[in-house]
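**Q** Here you go, input_15.pdb (PDB, C-alpha atoms):
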```pdb
ATOM      1  CA  GLU A 103       0.000   0.000   0.000  1.00  0.00           C
ATOM      2  CA  ALA A 104       1.314   3.430  -1.008  1.00  0.00           C
ATOM      3  CA  GLN A 105       1.772   5.477   2.117  1.00  0.00           C
ATOM      4  CA  VAL A 106       3.708   7.991   4.166  1.00  0.00           C
ATOM      5  CA  THR A 107       4.618   6.575   7.569  1.00  0.00           C
ATOM      6  CA  GLN A 108       5.476   8.722  10.544  1.00  0.00           C
ATOM      7  CA  ASN A 109       6.736   7.534  13.901  1.00  0.00           C
ATOM      8  CA  PRO A 110       5.935   7.891  16.671  1.00  0.00           C
ATOM      9  CA  ARG A 111       2.248   8.888  16.551  1.00  0.00           C
ATOM     10  CA  TYR A 112       2.427  10.423  20.007  1.00  0.00           C
ATOM     11  CA  LEU A 113       5.423  11.774  21.879  1.00  0.00           C
ATOM     12  CA  ILE A 114       5.718  13.506  25.223  1.00  0.00           C
ATOM     13  CA  THR A 115       9.118  14.902  26.127  1.00  0.00           C
ATOM     14  CA  VAL A 116      10.782  17.500  28.304  1.00  0.00           C
ATOM     15  CA  THR A 117      12.393  20.762  27.330  1.00  0.00           C
ATOM     16  CA  GLY A 118      15.875  20.345  25.906  1.00  0.00           C
ATOM     17  CA  LYS A 119      15.818  16.603  25.271  1.00  0.00           C
ATOM     18  CA  LYS A 120      16.753  15.946  21.651  1.00  0.00           C
ATOM     19  CA  LEU A 121      14.253  13.992  19.629  1.00  0.00           C
ATOM     20  CA  THR A 122      13.721  12.712  16.095  1.00  0.00           C
ATOM     21  CA  VAL A 123      10.454  12.101  14.302  1.00  0.00           C
ATOM     22  CA  THR A 124      10.888   9.701  11.421  1.00  0.00           C
ATOM     23  CA  CYS A 125       9.126   9.861   8.069  1.00  0.00           C
ATOM     24  CA  SER A 126       9.287   7.273   5.329  1.00  0.00           C
ATOM     25  CA  GLN A 127       7.479   6.975   1.993  1.00  0.00           C
ATOM     26  CA  ASN A 128       7.261   3.940  -0.293  1.00  0.00           C
ATOM     27  CA  MET A 129       6.163   5.723  -3.471  1.00  0.00           C
ATOM     28  CA  ASN A 130       9.602   6.672  -4.818  1.00  0.00           C
ATOM     29  CA  HIS A 131       8.633  10.336  -4.450  1.00  0.00           C
ATOM     30  CA  GLU A 132      11.263  12.986  -5.063  1.00  0.00           C
ATOM     31  CA  TYR A 133       9.648  15.648  -2.879  1.00  0.00           C
ATOM     32  CA  MET A 134       9.126  15.495   0.881  1.00  0.00           C
ATOM     33  CA  SER A 135       8.063  18.131   3.384  1.00  0.00           C
ATOM     34  CA  TRP A 136       7.257  18.714   7.040  1.00  0.00           C
ATOM     35  CA  TYR A 137       4.337  20.782   8.306  1.00  0.00           C
ATOM     36  CA  ARG A 138       3.095  21.685  11.728  1.00  0.00           C
ATOM     37  CA  GLN A 139      -0.595  22.174  12.463  1.00  0.00           C
ATOM     38  CA  ASP A 140      -1.739  24.438  15.260  1.00  0.00           C
ATOM     39  CA  PRO A 141      -5.319  25.490  16.112  1.00  0.00           C
ATOM     40  CA  GLY A 142      -6.318  28.593  14.211  1.00  0.00           C
ATOM     41  CA  LEU A 143      -3.048  28.700  12.276  1.00  0.00           C
ATOM     42  CA  GLY A 144      -3.599  25.893   9.789  1.00  0.00           C
ATOM     43  CA  LEU A 145      -0.661  24.053   8.269  1.00  0.00           C
ATOM     44  CA  ARG A 146       2.680  25.802   8.216  1.00  0.00           C
ATOM     45  CA  GLN A 147       5.655  24.473   6.313  1.00  0.00           C
ATOM     46  CA  ILE A 148       8.810  23.773   8.327  1.00  0.00           C
ATOM     47  CA  TYR A 149      11.273  22.328   5.807  1.00  0.00           C
ATOM     48  CA  TYR A 150      11.065  20.654   2.460  1.00  0.00           C
ATOM     49  CA  SER A 151      13.293  18.607   0.184  1.00  0.00           C
ATOM     50  CA  MET A 152      13.054  18.649  -3.585  1.00  0.00           C
ATOM     51  CA  ASN A 153      15.310  15.585  -3.834  1.00  0.00           C
ATOM     52  CA  VAL A 154      18.062  13.650  -2.057  1.00  0.00           C
ATOM     53  CA  GLU A 155      20.617  15.922  -0.372  1.00  0.00           C
ATOM     54  CA  VAL A 156      18.521  19.016  -1.245  1.00  0.00           C
ATOM     55  CA  THR A 157      16.647  20.694   1.606  1.00  0.00           C
ATOM     56  CA  ASP A 158      15.256  24.168   2.090  1.00  0.00           C
ATOM     57  CA  LYS A 159      13.475  26.215   4.734  1.00  0.00           C
ATOM     58  CA  GLY A 160       9.755  26.752   4.857  1.00  0.00           C
ATOM     59  CA  ASP A 161       7.907  29.367   6.879  1.00  0.00           C
ATOM     60  CA  VAL A 162       8.791  28.191  10.403  1.00  0.00           C
ATOM     61  CA  PRO A 163      12.202  26.436  10.352  1.00  0.00           C
ATOM     62  CA  GLU A 164      13.568  27.812  13.633  1.00  0.00           C
ATOM     63  CA  GLY A 165      14.363  25.070  16.141  1.00  0.00           C
ATOM     64  CA  TYR A 166      14.178  22.263  13.588  1.00  0.00           C
ATOM     65  CA  LYS A 167      16.655  20.333  11.465  1.00  0.00           C
ATOM     66  CA  VAL A 168      16.135  17.875   8.640  1.00  0.00           C
ATOM     67  CA  SER A 169      18.248  15.629   6.466  1.00  0.00           C
ATOM     68  CA  ARG A 170      17.590  13.749   3.238  1.00  0.00           C
ATOM     69  CA  LYS A 171      20.305  11.171   2.850  1.00  0.00           C
ATOM     70  CA  GLU A 172      18.106   8.733   0.968  1.00  0.00           C
ATOM     71  CA  LYS A 173      15.012   9.157  -1.140  1.00  0.00           C
ATOM     72  CA  ARG A 174      12.503   7.394   1.091  1.00  0.00           C
ATOM     73  CA  ASN A 175      13.357   8.976   4.463  1.00  0.00           C
ATOM     74  CA  PHE A 176      13.067  12.539   5.744  1.00  0.00           C
ATOM     75  CA  PRO A 177      13.528  12.746   9.524  1.00  0.00           C
ATOM     76  CA  LEU A 178      12.652  15.839  11.533  1.00  0.00           C
ATOM     77  CA  ILE A 179      15.076  16.632  14.331  1.00  0.00           C
ATOM     78  CA  LEU A 180      14.439  18.857  17.323  1.00  0.00           C
ATOM     79  CA  GLU A 181      17.846  19.426  18.914  1.00  0.00           C
ATOM     80  CA  SER A 182      16.531  21.225  21.991  1.00  0.00           C
ATOM     81  CA  PRO A 183      12.725  21.109  22.069  1.00  0.00           C
ATOM     82  CA  SER A 184      10.809  23.898  23.756  1.00  0.00           C
ATOM     83  CA  PRO A 185       7.148  24.107  24.828  1.00  0.00           C
ATOM     84  CA  ASN A 186       6.298  26.317  21.824  1.00  0.00           C
ATOM     85  CA  GLN A 187       7.096  23.336  19.608  1.00  0.00           C
ATOM     86  CA  THR A 188       4.154  21.432  21.092  1.00  0.00           C
ATOM     87  CA  SER A 189       2.118  20.752  17.982  1.00  0.00           C
ATOM     88  CA  LEU A 190       0.759  18.220  15.508  1.00  0.00           C
ATOM     89  CA  TYR A 191       3.369  17.428  12.877  1.00  0.00           C
ATOM     90  CA  PHE A 192       2.754  16.068   9.395  1.00  0.00           C
ATOM     91  CA  CYS A 193       5.164  14.665   6.860  1.00  0.00           C
ATOM     92  CA  ALA A 194       4.137  14.741   3.207  1.00  0.00           C
ATOM     93  CA  SER A 195       5.527  13.605  -0.116  1.00  0.00           C
ATOM     94  CA  SER A 196       4.790  13.923  -3.812  1.00  0.00           C
ATOM     95  CA  LEU A 197       6.243  12.815  -7.099  1.00  0.00           C
ATOM     96  CA  SER A 198       7.491  16.272  -7.960  1.00  0.00           C
ATOM     97  CA  GLY A 199       7.280  19.567  -6.094  1.00  0.00           C
ATOM     98  CA  ALA A 200       4.555  20.456  -3.620  1.00  0.00           C
ATOM     99  CA  GLY A 201       1.896  18.858  -5.748  1.00  0.00           C
ATOM    100  CA  ARG A 202       0.388  19.157  -9.186  1.00  0.00           C
ATOM    101  CA  VAL A 203      -3.053  18.361 -10.547  1.00  0.00           C
ATOM    102  CA  ASN A 204      -1.907  14.835 -11.444  1.00  0.00           C
ATOM    103  CA  SER A 205       0.651  14.457  -8.645  1.00  0.00           C
ATOM    104  CA  PRO A 206      -0.846  15.466  -5.310  1.00  0.00           C
ATOM    105  CA  LEU A 207       0.804  15.791  -1.934  1.00  0.00           C
ATOM    106  CA  HIS A 208       0.339  12.672   0.236  1.00  0.00           C
ATOM    107  CA  PHE A 209       0.322  13.146   4.002  1.00  0.00           C
ATOM    108  CA  GLY A 210       1.166  10.841   6.872  1.00  0.00           C
ATOM    109  CA  ASN A 211      -1.217  10.490   9.808  1.00  0.00           C
ATOM    110  CA  GLY A 212       0.668  12.879  12.017  1.00  0.00           C
ATOM    111  CA  THR A 213       2.784  12.954  15.158  1.00  0.00           C
ATOM    112  CA  ARG A 214       1.378  14.710  18.182  1.00  0.00           C
ATOM    113  CA  LEU A 215       4.262  16.160  20.148  1.00  0.00           C
ATOM    114  CA  THR A 216       4.008  17.589  23.651  1.00  0.00           C
ATOM    115  CA  VAL A 217       7.003  19.357  25.171  1.00  0.00           C
ATOM    116  CA  THR A 218       6.737  20.066  28.911  1.00  0.00           C
TER     117      THR A 218
ATOM    118  CA  GLN B 795       2.207  37.464   6.034  1.00  0.00           C
ATOM    119  CA  GLN B 796      -0.568  35.041   5.293  1.00  0.00           C
ATOM    120  CA  GLN B 797      -0.350  33.979   1.650  1.00  0.00           C
ATOM    121  CA  VAL B 798      -3.797  32.396   1.462  1.00  0.00           C
ATOM    122  CA  LYS B 799      -6.759  33.729   3.458  1.00  0.00           C
ATOM    123  CA  GLN B 800      -9.584  31.313   4.150  1.00  0.00           C
ATOM    124  CA  SER B 801     -13.084  31.899   5.516  1.00  0.00           C
ATOM    125  CA  PRO B 802     -15.133  31.065   7.422  1.00  0.00           C
ATOM    126  CA  GLN B 803     -13.238  29.471  10.282  1.00  0.00           C
ATOM    127  CA  SER B 804     -16.196  27.231  11.048  1.00  0.00           C
ATOM    128  CA  LEU B 805     -19.379  26.348   9.188  1.00  0.00           C
ATOM    129  CA  ILE B 806     -22.510  24.490  10.224  1.00  0.00           C
ATOM    130  CA  VAL B 807     -24.789  23.238   7.475  1.00  0.00           C
ATOM    131  CA  GLN B 808     -27.964  21.184   7.442  1.00  0.00           C
ATOM    132  CA  LYS B 809     -27.858  17.838   5.664  1.00  0.00           C
ATOM    133  CA  GLY B 810     -28.682  18.358   2.006  1.00  0.00           C
ATOM    134  CA  GLY B 811     -27.573  21.974   2.047  1.00  0.00           C
ATOM    135  CA  ILE B 812     -24.731  23.681   0.207  1.00  0.00           C
ATOM    136  CA  SER B 813     -21.429  24.322   2.001  1.00  0.00           C
ATOM    137  CA  ILE B 814     -19.308  27.169   0.661  1.00  0.00           C
ATOM    138  CA  ILE B 815     -15.746  27.922   1.744  1.00  0.00           C
ATOM    139  CA  ASN B 816     -13.855  30.878   0.337  1.00  0.00           C
ATOM    140  CA  CYS B 817     -10.173  31.614  -0.177  1.00  0.00           C
ATOM    141  CA  ALA B 818      -8.278  34.641  -1.422  1.00  0.00           C
ATOM    142  CA  TYR B 819      -4.674  35.226  -2.440  1.00  0.00           C
ATOM    143  CA  GLU B 820      -2.420  38.024  -3.642  1.00  0.00           C
ATOM    144  CA  ASN B 821       0.523  36.298  -5.313  1.00  0.00           C
ATOM    145  CA  THR B 822      -0.152  36.185  -9.064  1.00  0.00           C
ATOM    146  CA  ALA B 823       2.607  33.596  -9.452  1.00  0.00           C
ATOM    147  CA  PHE B 824       0.379  30.948  -7.863  1.00  0.00           C
ATOM    148  CA  ASP B 825      -0.493  28.353 -10.488  1.00  0.00           C
ATOM    149  CA  TYR B 826      -1.970  25.419  -8.584  1.00  0.00           C
ATOM    150  CA  PHE B 827      -4.847  25.564  -6.111  1.00  0.00           C
ATOM    151  CA  PRO B 828      -5.714  22.354  -4.257  1.00  0.00           C
ATOM    152  CA  TRP B 829      -8.265  21.712  -1.551  1.00  0.00           C
ATOM    153  CA  TYR B 830      -7.507  19.225   1.186  1.00  0.00           C
ATOM    154  CA  GLN B 831      -9.925  17.418   3.478  1.00  0.00           C
ATOM    155  CA  GLN B 832      -8.885  16.282   6.944  1.00  0.00           C
ATOM    156  CA  PHE B 833     -10.752  13.944   9.276  1.00  0.00           C
ATOM    157  CA  PRO B 834      -9.877  13.746  12.991  1.00  0.00           C
ATOM    158  CA  GLY B 835      -6.765  11.680  13.635  1.00  0.00           C
ATOM    159  CA  LYS B 836      -5.780  11.639   9.972  1.00  0.00           C
ATOM    160  CA  GLY B 837      -3.537  13.622   7.711  1.00  0.00           C
ATOM    161  CA  PRO B 838      -5.027  15.918   5.077  1.00  0.00           C
ATOM    162  CA  ALA B 839      -5.940  14.258   1.791  1.00  0.00           C
ATOM    163  CA  LEU B 840      -6.352  15.910  -1.583  1.00  0.00           C
ATOM    164  CA  LEU B 841     -10.005  16.499  -2.402  1.00  0.00           C
ATOM    165  CA  ILE B 842      -9.920  18.465  -5.634  1.00  0.00           C
ATOM    166  CA  ALA B 843      -7.527  20.862  -7.362  1.00  0.00           C
ATOM    167  CA  ILE B 844      -7.623  23.472 -10.109  1.00  0.00           C
ATOM    168  CA  ARG B 845      -5.268  25.441 -12.310  1.00  0.00           C
ATOM    169  CA  PRO B 846      -5.907  29.162 -12.961  1.00  0.00           C
ATOM    170  CA  ASP B 847      -6.660  28.652 -16.664  1.00  0.00           C
ATOM    171  CA  VAL B 848      -9.952  26.990 -15.676  1.00  0.00           C
ATOM    172  CA  SER B 849     -12.872  28.831 -14.021  1.00  0.00           C
ATOM    173  CA  GLU B 850     -14.601  25.805 -12.570  1.00  0.00           C
ATOM    174  CA  LYS B 851     -13.874  22.179 -11.812  1.00  0.00           C
ATOM    175  CA  LYS B 852     -16.424  19.676 -10.624  1.00  0.00           C
ATOM    176  CA  GLU B 853     -15.914  16.233  -9.141  1.00  0.00           C
ATOM    177  CA  GLY B 854     -19.084  14.650  -7.905  1.00  0.00           C
ATOM    178  CA  ARG B 855     -20.651  16.895  -5.248  1.00  0.00           C
ATOM    179  CA  PHE B 856     -17.500  19.019  -4.951  1.00  0.00           C
ATOM    180  CA  THR B 857     -16.876  22.062  -7.151  1.00  0.00           C
ATOM    181  CA  ILE B 858     -14.079  24.614  -7.202  1.00  0.00           C
ATOM    182  CA  SER B 859     -14.992  28.020  -8.579  1.00  0.00           C
ATOM    183  CA  PHE B 860     -12.003  30.136  -9.575  1.00  0.00           C
ATOM    184  CA  ASN B 861     -12.010  33.886 -10.219  1.00  0.00           C
ATOM    185  CA  LYS B 862      -8.585  34.845 -11.514  1.00  0.00           C
ATOM    186  CA  SER B 863      -9.241  38.583 -11.757  1.00  0.00           C
ATOM    187  CA  ALA B 864     -10.496  38.741  -8.174  1.00  0.00           C
ATOM    188  CA  LYS B 865      -7.794  36.341  -6.989  1.00  0.00           C
ATOM    189  CA  GLN B 866     -10.373  34.250  -5.196  1.00  0.00           C
ATOM    190  CA  PHE B 867     -11.416  30.636  -5.278  1.00  0.00           C
ATOM    191  CA  SER B 868     -14.042  28.706  -3.421  1.00  0.00           C
ATOM    192  CA  LEU B 869     -15.150  25.187  -2.636  1.00  0.00           C
ATOM    193  CA  HIS B 870     -18.812  24.291  -2.977  1.00  0.00           C
ATOM    194  CA  ILE B 871     -20.144  21.072  -1.498  1.00  0.00           C
ATOM    195  CA  MET B 872     -23.578  20.274  -2.890  1.00  0.00           C
ATOM    196  CA  ASP B 873     -26.056  18.077  -1.005  1.00  0.00           C
ATOM    197  CA  SER B 874     -23.807  18.154   2.074  1.00  0.00           C
ATOM    198  CA  GLN B 875     -23.770  14.941   4.120  1.00  0.00           C
ATOM    199  CA  PRO B 876     -22.781  14.216   7.737  1.00  0.00           C
ATOM    200  CA  GLY B 877     -19.818  12.258   6.357  1.00  0.00           C
ATOM    201  CA  ASP B 878     -18.509  15.520   4.873  1.00  0.00           C
ATOM    202  CA  SER B 879     -17.934  16.837   8.400  1.00  0.00           C
ATOM    203  CA  ALA B 880     -14.207  17.528   8.445  1.00  0.00           C
ATOM    204  CA  THR B 881     -11.661  20.324   8.293  1.00  0.00           C
ATOM    205  CA  TYR B 882     -11.075  21.762   4.840  1.00  0.00           C
ATOM    206  CA  PHE B 883      -7.929  23.572   3.764  1.00  0.00           C
ATOM    207  CA  CYS B 884      -7.372  25.565   0.622  1.00  0.00           C
ATOM    208  CA  ALA B 885      -3.812  25.935  -0.612  1.00  0.00           C
ATOM    209  CA  ALA B 886      -1.741  27.530  -3.338  1.00  0.00           C
ATOM    210  CA  ARG B 887       1.599  26.834  -4.953  1.00  0.00           C
ATOM    211  CA  ALA B 888       3.748  29.224  -6.941  1.00  0.00           C
ATOM    212  CA  GLY B 889       5.745  28.939 -10.083  1.00  0.00           C
ATOM    213  CA  ASN B 890       6.974  26.374 -12.504  1.00  0.00           C
ATOM    214  CA  ARG B 891      10.677  26.154 -11.745  1.00  0.00           C
ATOM    215  CA  GLY B 892      13.180  25.850  -8.954  1.00  0.00           C
ATOM    216  CA  SER B 893      12.510  25.995  -5.269  1.00  0.00           C
ATOM    217  CA  THR B 894       9.123  27.733  -5.588  1.00  0.00           C
ATOM    218  CA  LEU B 895       7.746  24.366  -6.616  1.00  0.00           C
ATOM    219  CA  GLY B 896       8.415  23.240  -3.057  1.00  0.00           C
ATOM    220  CA  ARG B 897       6.313  25.871  -1.315  1.00  0.00           C
ATOM    221  CA  LEU B 898       2.661  25.037  -0.743  1.00  0.00           C
ATOM    222  CA  TYR B 899       0.823  27.668   1.281  1.00  0.00           C
ATOM    223  CA  PHE B 900      -2.255  26.632   3.213  1.00  0.00           C
ATOM    224  CA  GLY B 901      -5.209  28.612   4.464  1.00  0.00           C
ATOM    225  CA  ARG B 902      -6.043  28.344   8.147  1.00  0.00           C
ATOM    226  CA  GLY B 903      -8.768  25.796   7.641  1.00  0.00           C
ATOM    227  CA  THR B 904     -12.557  25.587   7.945  1.00  0.00           C
ATOM    228  CA  GLN B 905     -14.216  23.208  10.376  1.00  0.00           C
ATOM    229  CA  LEU B 906     -17.360  21.981   8.606  1.00  0.00           C
ATOM    230  CA  THR B 907     -20.149  20.307  10.570  1.00  0.00           C
ATOM    231  CA  VAL B 908     -23.106  18.850   8.697  1.00  0.00           C
ATOM    232  CA  TRP B 909     -26.127  18.162  10.908  1.00  0.00           C
ATOM    233  CA  PRO B 910     -28.370  15.210  10.013  1.00  0.00           C
TER     234      PRO B 910
END
```
Can you turn what I pasted into structure tokens?

**A**
Amino acid sequence: EAQVTQNPRYLITVTGKKLTVTCSQNMNHEYMSWYRQDPGLGLRQIYYSMNVEVTDKGDVPEGYKVSRKEKRNFPLILESPSPNQTSLYFCASSLSGAGRVNSPLHFGNGTRLTVT
Amino acid sequence: QQQVKQSPQSLIVQKGGISIINCAYENTAFDYFPWYQQFPGKGPALLIAIRPDVSEKKEGRFTISFNKSAKQFSLHIMDSQPGDSATYFCAARAGNRGSTLGRLYFGRGTQLTVWP
């Protein structure tokens, strides 16, 4: 089954403790991206990757790191999490770019992160 | 600066009625306008999308109306059903080359509730 898989689904951590949220897609997609969803703010782009070894900042990259060493994986790293990073995070992928009419963006089911 | 403005924030519609969600943008470089539907506990999924060279696109009960001169587009859900209750996001993507292909800007979302 074609899918974007995020792990873990839920994560509770403390301020300053480094964490990684994994994202993997099995569709051979070139493009991958991370979004965070907060009430009243919608989906905001954190980082994206047009292809392997190519990453770029979105609207809210501060406090996050990403890497794209292989096509299928795009982990999101929080080196020193803070409470304002408590949010619902989504990984997404598409064949090319952030979606086209015949190549939409596919989302994972999300990771709910709580930083205390 | 919010690239895509979406309204209303929430919408309650009677079963069988028409749901209308509106979005507006300023960036004339946007060339792809998708709508995403999100159910609780799930990631957003593409519902329908349009390019600016088309004024209307219909898929079943869902229609996008696009007004290029006004820089507005809207989602119409005909014969709304309780199963349509979800959060709806409009989005826009710019350009046809380079890194702009990686930026998909979302509206803040509309929580639709359809009463039986």

**Q** Pick out the chain B residues within 7 Å of chain A. Count all atoms listed in the file. Give them as a list in words.

**A**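 Taking all atoms listed in the file into account, Tyr826, Gly835, Lys836, Gly837, Pro838, Ala839, Leu840, Ala843, Ile844, Leu895, Gly896, Arg897, Leu898, Phe900, Gly901, Arg902 and Gly903 of chain B sit within 7 Å of chain A.
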
**Q** Go through the shown structure with the PyMOL selection byres ((chain B and resi 864) around 12) and write out the matching residues as a list of chain:residue names.

**A**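 Taken over the shown coordinates, the PyMOL selection byres ((chain B and resi 864) around 12) returns B:Cys817, B:Ala818, B:Tyr819, B:Glu820, B:Asn821, B:Thr822, B:Pro846, B:Ser849, B:Ser859, B:Phe860, B:Asn861, B:Lys862, B:Ser863, B:Lys865, B:Gln866, B:Phe867, B:Ser868.
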
**Q** Name the residues captured by the PyMOL selection byres ((chain A and resi 124) around 6) when it is applied to the shown file; answer as a ChimeraX atom specification.

**A** /A:108-109,123,125,177

**Q** On this structure, which residues satisfy the PyMOL selection byres ((chain A and resi 184) around 12), written as number ranges by chain?

**A** A: 114-121, 164-166, 180-183, 185-189, 215-218

**Q** Give the answer as one residue: which of B:Ala886, B:Tyr899, B:Leu869, B:Asp878 has the shortest atom-to-atom distance to B:Ile806, using only C-alpha atoms?

**A** B:Asp878

**Q** I'd like the contact shell of B:Ile815 - 9 Å cut-off, all atoms listed in the file, skipping same-chain residues fewer than 6 positions apart - returned as a list of chain:residue names.

**A**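 What passes the distance filter is B:Gln800, B:Ser801, B:Pro802, B:Leu805, B:Phe867, B:Ser868, B:Leu869, B:His870, B:Ile871, B:Tyr882, B:Cys884, B:Thr904.
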
**Q** Neighbours of B:Gly811 within 10 Å (all atoms listed in the file; same-chain residues fewer than 4 positions away dropped), as a ChimeraX atom specification?

**A** /B:806-807,871-875,908-909

**Q** Measuring between only C-alpha atoms, which one of B:Lys799, B:Gln832, B:Leu906, B:Asp847 shows the shortest distance to B:Ser813?

**A** B:Leu906

**Q** Separation of atom CA of B:Arg845 and atom CA of B:Gln797, in Å?

**A**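 Distance reported for this atom pair: 17.1 Å.
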
**Q** A:Arg138, A:Val154, A:Ser196, A:Leu190: which is nearest B:Pro834, counting only C-alpha atoms?

**A**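 The shortest atom-to-atom distance to B:Pro834 comes from A:Leu190.
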
**Q** So that all listed atoms of stretch 110-129 of chain A fit with 4 Å spare on each side, what axis-aligned box centre and edge lengths in Å, to one decimal, would you give as lines of an AutoDock Vina configuration file?

**A**
```
center_x = 9.5
center_y = 12.4
center_z = 12.4
size_x = 22.5
size_y = 24.8
size_z = 39.8
```
